[in-house]
file input.csv (CSV, C-alpha atoms)
chain,number,residue,atom,x,y,z
A,833,MET,CA,-19.3,-61.2,-20.4
A,834,GLU,CA,-22.5,-60.1,-18.7
A,835,GLU,CA,-20.5,-58.6,-15.9
A,836,TYR,CA,-18.7,-56.2,-18.2
A,837,TYR,CA,-22.0,-55.1,-19.8
A,838,HIS,CA,-23.2,-54.2,-16.3
A,839,ILE,CA,-20.1,-52.2,-15.5
A,840,ILE,CA,-20.2,-50.4,-18.8
A,841,PHE,CA,-23.9,-49.6,-18.4
A,842,ARG,CA,-23.5,-48.4,-14.8
A,843,THR,CA,-20.5,-46.2,-15.7
A,844,CYS,CA,-22.2,-44.5,-18.6
A,845,PHE,CA,-25.5,-44.1,-16.7
A,846,LEU,CA,-23.8,-42.6,-13.6
A,847,TYR,CA,-21.6,-40.4,-15.7
A,848,VAL,CA,-24.7,-38.8,-17.4
A,849,PHE,CA,-26.7,-38.8,-14.2
A,850,ILE,CA,-24.1,-37.1,-12.1
A,851,ILE,CA,-23.5,-34.4,-14.8
A,852,ILE,CA,-27.3,-33.7,-14.7
A,853,VAL,CA,-27.2,-33.5,-10.9
A,854,PHE,CA,-24.3,-31.1,-10.9
A,855,ARG,CA,-26.0,-28.9,-13.5
A,856,LEU,CA,-29.1,-28.8,-11.3
A,857,MET,CA,-26.9,-27.7,-8.4
A,858,GLY,CA,-25.9,-24.6,-10.2
A,859,LYS,CA,-22.7,-23.2,-11.5
A,860,ARG,CA,-19.9,-22.5,-9.0
A,861,GLU,CA,-16.2,-22.2,-9.5
A,862,VAL,CA,-14.1,-24.9,-7.8
A,863,GLY,CA,-12.4,-22.2,-5.7
A,864,GLU,CA,-15.8,-20.8,-4.6
A,865,LEU,CA,-17.3,-24.0,-3.3
A,866,SER,CA,-18.8,-23.8,0.1
A,867,VAL,CA,-18.2,-26.4,2.8
A,868,ILE,CA,-21.6,-28.0,2.1
A,869,ASP,CA,-20.9,-28.0,-1.7
A,870,LEU,CA,-17.6,-29.8,-1.1
A,871,VAL,CA,-19.1,-32.3,1.3
A,872,VAL,CA,-21.9,-33.1,-1.1
A,873,PHE,CA,-19.5,-33.5,-4.1
A,874,VAL,CA,-17.2,-35.8,-2.1
A,875,LEU,CA,-20.2,-38.0,-0.9
A,876,ILE,CA,-21.6,-38.2,-4.4
A,877,ALA,CA,-18.2,-39.4,-5.6
A,878,GLU,CA,-18.1,-42.0,-2.9
A,879,VAL,CA,-21.6,-43.3,-3.7
A,880,ALA,CA,-20.7,-43.5,-7.4
A,881,ALA,CA,-17.5,-45.4,-6.6
A,882,PHE,CA,-19.4,-48.0,-4.5
A,883,ALA,CA,-22.0,-48.4,-7.2
A,884,LEU,CA,-19.3,-49.1,-9.8
A,885,ASP,CA,-17.3,-51.4,-7.4
A,886,ASP,CA,-20.3,-53.6,-6.6
A,887,TYR,CA,-22.2,-54.1,-9.8
A,888,LYS,CA,-24.5,-56.7,-8.1
A,889,ASN,CA,-25.9,-54.0,-5.8
A,890,PRO,CA,-29.1,-52.5,-7.2
A,891,LEU,CA,-28.4,-49.3,-9.1
A,892,PHE,CA,-31.3,-47.6,-7.3
A,893,ASN,CA,-29.3,-47.9,-4.0
A,894,ALA,CA,-26.8,-45.4,-5.6
A,895,ILE,CA,-29.3,-43.2,-7.3
A,896,LEU,CA,-31.4,-42.5,-4.1
A,897,PRO,CA,-28.5,-41.1,-2.0
A,898,ILE,CA,-27.4,-38.9,-4.8
A,899,ILE,CA,-30.9,-37.5,-5.2
A,900,ILE,CA,-31.1,-36.9,-1.5
A,901,LEU,CA,-27.7,-35.1,-1.6
A,902,LEU,CA,-29.0,-33.0,-4.5
A,903,PHE,CA,-32.0,-31.8,-2.4
A,904,ILE,CA,-29.8,-31.1,0.6
A,905,GLN,CA,-27.5,-28.9,-1.6
A,906,ILE,CA,-30.5,-27.1,-3.2
A,907,LEU,CA,-32.1,-26.5,0.2
A,908,SER,CA,-28.9,-25.2,1.7
A,909,ALA,CA,-28.4,-22.9,-1.3
A,910,PHE,CA,-32.0,-21.6,-1.0
A,911,LEU,CA,-31.6,-20.9,2.8
A,912,SER,CA,-28.2,-19.2,2.2
A,913,LEU,CA,-29.8,-17.0,-0.5
A,914,LYS,CA,-32.7,-16.0,1.8
A,915,PHE,CA,-30.8,-15.7,5.1
A,916,LYS,CA,-27.4,-14.0,5.3
A,917,LYS,CA,-26.7,-15.4,8.8
A,918,ILE,CA,-27.0,-18.9,7.4
A,919,ARG,CA,-24.8,-17.9,4.5
A,920,ASP,CA,-22.2,-16.5,6.9
A,921,LEU,CA,-22.4,-19.7,9.0
A,922,VAL,CA,-21.8,-21.9,5.9
A,923,ASP,CA,-19.5,-19.8,3.8
A,924,GLY,CA,-17.8,-17.7,6.5
A,925,ASP,CA,-17.0,-14.0,6.5
A,926,PRO,CA,-14.1,-12.2,4.8
A,927,ALA,CA,-11.3,-11.6,7.4
A,928,LEU,CA,-9.3,-8.4,7.5
A,929,LEU,CA,-5.6,-9.4,7.7
A,930,VAL,CA,-3.9,-6.1,6.8
A,931,LYS,CA,-5.0,-2.6,7.7
A,932,ASP,CA,-2.9,0.5,6.7
A,933,GLY,CA,0.2,-1.6,6.2
A,934,VAL,CA,-0.1,-3.3,9.6
A,935,ILE,CA,-0.6,-7.1,9.7
A,936,LEU,CA,-3.3,-8.1,12.2
A,937,GLU,CA,-1.6,-10.9,14.0
A,938,SER,CA,-4.6,-12.0,16.0
A,939,GLU,CA,-6.7,-12.5,12.8
A,940,MET,CA,-3.8,-14.4,11.2
A,941,ARG,CA,-3.8,-16.8,14.1
A,942,LYS,CA,-7.5,-17.1,14.2
A,943,HIS,CA,-7.6,-18.3,10.6
A,944,ARG,CA,-4.4,-20.3,10.8
A,945,TYR,CA,-2.9,-18.1,8.0
A,946,ASN,CA,0.9,-17.8,8.1
A,947,LEU,CA,3.2,-15.1,6.8
A,948,ASP,CA,4.4,-17.3,3.9
A,949,ASP,CA,0.8,-17.5,2.6
A,950,LEU,CA,0.3,-13.8,3.0
A,951,CYS,CA,3.5,-12.8,1.3
A,952,GLN,CA,2.8,-15.3,-1.6
A,953,GLN,CA,-0.6,-13.9,-2.2
A,954,LEU,CA,0.6,-10.3,-2.0
A,955,ARG,CA,3.2,-11.2,-4.7
A,956,GLU,CA,0.5,-12.8,-6.8
A,957,ASN,CA,-1.4,-9.4,-6.5
A,958,GLY,CA,1.7,-7.6,-7.7
A,959,ILE,CA,2.5,-6.1,-4.3
A,960,ALA,CA,6.1,-6.3,-3.1
A,961,SER,CA,5.7,-4.8,0.4
A,962,VAL,CA,2.9,-5.1,3.0
A,963,THR,CA,3.5,-1.3,3.7
A,964,ASP,CA,1.8,-0.6,0.3
A,965,VAL,CA,-1.4,-2.2,1.4
A,966,ALA,CA,-4.4,-0.3,2.7
A,967,PHE,CA,-6.6,-3.3,3.3
A,968,ALA,CA,-6.2,-7.0,2.6
A,969,TYR,CA,-9.1,-9.4,3.1
A,970,LEU,CA,-9.0,-13.1,3.2
A,971,GLU,CA,-12.1,-14.2,1.3
A,972,PRO,CA,-14.1,-17.4,2.2
A,973,SER,CA,-12.7,-18.9,-1.0
A,974,GLY,CA,-9.2,-18.6,0.4
A,975,ASN,CA,-8.2,-15.8,-2.0
A,976,LEU,CA,-6.7,-12.6,-0.8
A,977,SER,CA,-8.4,-9.3,-1.9
A,978,VAL,CA,-5.9,-6.5,-1.7
A,979,PHE,CA,-6.4,-2.7,-1.9
A,980,LYS,CA,-3.4,-0.5,-2.3
A,981,LYS,CA,-2.8,2.8,-0.5
A,982,ASP,CA,-2.5,4.7,-3.7
A,983,GLU,CA,-5.9,3.7,-5.0
A,984,LYS,CA,-8.2,6.7,-5.2
A,985,ALA,CA,-11.3,5.1,-3.6
A,986,PHE,CA,-12.5,2.1,-1.8
A,987,VAL,CA,-15.8,0.4,-2.1
A,988,TYR,CA,-17.3,-0.6,1.2
A,989,PRO,CA,-20.4,-2.9,1.3
A,990,LEU,CA,-22.4,-1.5,4.2
A,991,ILE,CA,-25.7,-3.4,3.8
A,992,ILE,CA,-26.2,-6.8,2.2
A,993,ASP,CA,-29.7,-8.1,2.0
A,994,GLY,CA,-30.8,-6.0,4.9
A,995,ASP,CA,-27.9,-6.9,7.1
A,996,ILE,CA,-25.6,-4.1,8.2
A,997,GLN,CA,-21.9,-4.9,7.8
A,998,GLU,CA,-20.5,-3.4,11.0
A,999,ARG,CA,-17.0,-4.5,10.3
A,1000,HIS,CA,-16.9,-2.3,7.2
A,1001,LEU,CA,-18.3,0.6,9.2
A,1002,PHE,CA,-15.5,0.0,11.8
A,1003,THR,CA,-12.9,0.1,9.0
A,1004,MET,CA,-14.4,3.5,7.8
A,1005,HIS,CA,-14.3,4.7,11.5
A,1006,LYS,CA,-18.1,5.1,11.3
A,1007,ASP,CA,-21.0,3.4,13.3
A,1008,VAL,CA,-24.5,2.2,12.8
A,1009,ASP,CA,-26.0,5.6,13.9
A,1010,TRP,CA,-24.0,7.4,11.2
A,1011,LEU,CA,-25.3,4.9,8.6
A,1012,MET,CA,-28.9,5.2,9.7
A,1013,GLY,CA,-28.6,9.0,9.5
A,1014,GLU,CA,-27.3,8.7,5.9
A,1015,LEU,CA,-30.2,6.4,5.0
A,1016,ALA,CA,-32.6,8.9,6.5
A,1017,LYS,CA,-31.3,11.5,4.1
A,1018,ASN,CA,-32.6,9.1,1.4
A,1019,ASN,CA,-36.0,8.7,3.1
A,1020,ILE,CA,-35.1,5.2,4.3
A,1021,THR,CA,-35.9,4.4,7.9
A,1022,ASP,CA,-35.4,0.6,8.0
A,1023,SER,CA,-32.2,-1.1,6.8
A,1024,GLU,CA,-34.2,-4.3,6.3
A,1025,THR,CA,-35.7,-2.7,3.2
A,1026,VAL,CA,-32.3,-2.3,1.6
A,1027,PHE,CA,-31.1,-5.0,-0.7
A,1028,PHE,CA,-27.6,-3.6,-1.3
A,1029,CYS,CA,-25.8,-0.5,-0.1
A,1030,ILE,CA,-22.2,0.5,-0.7
A,1031,TRP,CA,-20.1,3.5,0.1
A,1032,GLU,CA,-18.2,4.7,-3.0
A,1033,ASP,CA,-16.7,8.0,-4.0
A,1034,SER,CA,-17.8,9.5,-0.7
A,1035,LYS,CA,-21.5,8.7,-1.1
A,1036,LEU,CA,-24.0,5.9,-0.7
A,1037,HIS,CA,-25.3,3.9,-3.6
A,1038,ILE,CA,-28.5,2.2,-2.5
A,1039,GLN,CA,-30.6,-0.5,-4.1
A,1040,LEU,CA,-33.9,-1.3,-2.3
A,1041,LYS,CA,-35.4,-4.8,-2.1
A,1042,GLU,CA,-38.1,-5.6,-4.7
A,1043,SER,CA,-41.6,-5.4,-3.2
call {"tool": "encode", "arguments": {"input": "input.csv", "output": "structure tokens"}}
result
Amino acid sequence: MEEYYHIIFRTCFLYVFIIIVFRLMGKREVGELSVIDLVVFVLIAEVAAFALDDYKNPLFNAILPIIILLFIQILSAFLSLKFKKIRDLVDGDPALLVKDGVILESEMRKHRYNLDDLCQQLRENGIASVTDVAFAYLEPSGNLSVFKKDEKAFVYPLIIDGDIQERHLFTMHKDVDWLMGELAKNNITDSETVFFCIWEDSKLHIQLKES
């Protein structure tokens, strides 16, 4: 009978403890989990499973790895927030799969993304033909962001946390020199001081970093 009490206590304790740990990790949708998030969640599930399977093993042996994984996740989230290059390394960059109705075959191969997947996600976005697409980006989450040709304007993120998004400049047929010239018109000489900058309605919208 004592064995069942141990199992019930461990199950209830780990249930509450893991909920607290997940709350401390922050809110993320399942489809937006990074690779590190996914690995941490899987490892926590494995540690909890071993703790429930072997009730004679000290409970602390399960708690300690979970706490370590919590700190790993928090540290990775902090570094990703502070350094975009780390964020890109962990989460990846959006990939341009369709431009002006033309499927970029090399990008499809690079991301192991087949035509069936592309057609399915275009249909889910209410688009019947790829020729109606101005741009289609494969997001790090696996979702496809689609912009139609008949839409009046596109929003291009050009600077994110001080980092110039050259791929968006390329899409606009512009370069870094053009962007720096536009920033100079707003009395900005260093892109590192810009927190967020987008091109919308034929003009820049700029938000500087907090001092």
call {"tool": "atom_distance", "arguments": {"input": "input.csv", "atom1": "CA of Leu976 (chain A)", "atom2": "CA of Leu950 (chain A)"}}
result
8.1 Å
call {"tool": "closest_residue", "arguments": {"input": "input.csv", "among": "A:Gly994, A:Gly933, A:Pro926, A:Gly1013", "to": "Leu954 (chain A)", "atoms": "all atoms listed in the file"}}
result
A:Gly933
call {"tool": "closest_residue", "arguments": {"input": "input.csv", "among": "A:Leu875, A:Ile899, A:Val1008, A:Val930", "to": "Val962 (chain A)", "atoms": "all atoms listed in the file"}}
result
A:Val930
call {"tool": "residues_around", "arguments": {"input": "input.csv", "residues": "Val853 (chain A)", "least_positions_apart": "6", "cutoff": "10 Å", "atoms": "all atoms listed in the file", "output": "JSON, numbers by chain"}}
result
{"A": [876, 898, 899, 901, 902, 903]}
call {"tool": "write_last_selection", "arguments": {"input": "input.csv", "atoms": "C-alpha atoms", "output": "mmCIF file, in the frame of the given file"}}
result
data_model
loop_
_atom_site.group_PDB
_atom_site.id
_atom_site.type_symbol
_atom_site.label_atom_id
_atom_site.label_comp_id
_atom_site.auth_asym_id
_atom_site.auth_seq_id
_atom_site.Cartn_x
_atom_site.Cartn_y
_atom_site.Cartn_z
ATOM 1 C CA ILE A 876 -21.600 -38.200 -4.400
ATOM 2 C CA ILE A 898 -27.400 -38.900 -4.800
ATOM 3 C CA ILE A 899 -30.900 -37.500 -5.200
ATOM 4 C CA LEU A 901 -27.700 -35.100 -1.600
ATOM 5 C CA LEU A 902 -29.000 -33.000 -4.500
ATOM 6 C CA PHE A 903 -32.000 -31.800 -2.400
#
call {"tool": "atom_distance", "arguments": {"input": "input.csv", "atom1": "CA of Asp925 (chain A)", "atom2": "CA of Glu998 (chain A)"}}
result
12.0 Å
call {"tool": "residues_around", "arguments": {"input": "input.csv", "residues": "region 935-941 of chain A", "least_positions_apart": "4", "cutoff": "10 Å", "atoms": "all atoms listed in the file", "output": "PyMOL selection string"}}
result
chain A and resi 927-931+945-947+950+962-963+965+967-968+970
call {"tool": "atom_distance", "arguments": {"input": "input.csv", "atom1": "CA of His1037 (chain A)", "atom2": "CA of Arg919 (chain A)"}}
result
23.3 Å
call {"tool": "residues_near_point", "arguments": {"input": "input.csv", "point": "(-29.2, -27.9, -5.3)", "cutoff": "12 Å", "atoms": "all atoms listed in the file", "output": "list in words"}}
result
Ile852, Val853, Phe854, Arg855, Leu856, Met857, Gly858, Lys859, Arg860, Ile868, Asp869, Val872, Phe873, Ile898, Ile899, Ile900, Leu901, Leu902, Phe903, Ile904, Gln905, Ile906, Leu907, Ser908, Ala909, Phe910, Leu911, Ser912 and Leu913 of chain A
call {"tool": "residues_around", "arguments": {"input": "input.csv", "residues": "Phe1027 (chain A)", "least_positions_apart": "4", "cutoff": "8 Å", "atoms": "only C-alpha atoms", "output": "short mmCIF file (atom, residue, chain, number, x, y, z; two decimals) with C-alpha atoms, in the frame of the given file"}}
result
data_model
loop_
_atom_site.label_atom_id
_atom_site.label_comp_id
_atom_site.auth_asym_id
_atom_site.auth_seq_id
_atom_site.Cartn_x
_atom_site.Cartn_y
_atom_site.Cartn_z
CA ILE A 991 -25.70 -3.40 3.80
CA ILE A 992 -26.20 -6.80 2.20
CA ASP A 993 -29.70 -8.10 2.00
CA GLY A 994 -30.80 -6.00 4.90
CA ILE A 1038 -28.50 2.20 -2.50
CA GLN A 1039 -30.60 -0.50 -4.10
CA LEU A 1040 -33.90 -1.30 -2.30
CA LYS A 1041 -35.40 -4.80 -2.10
#
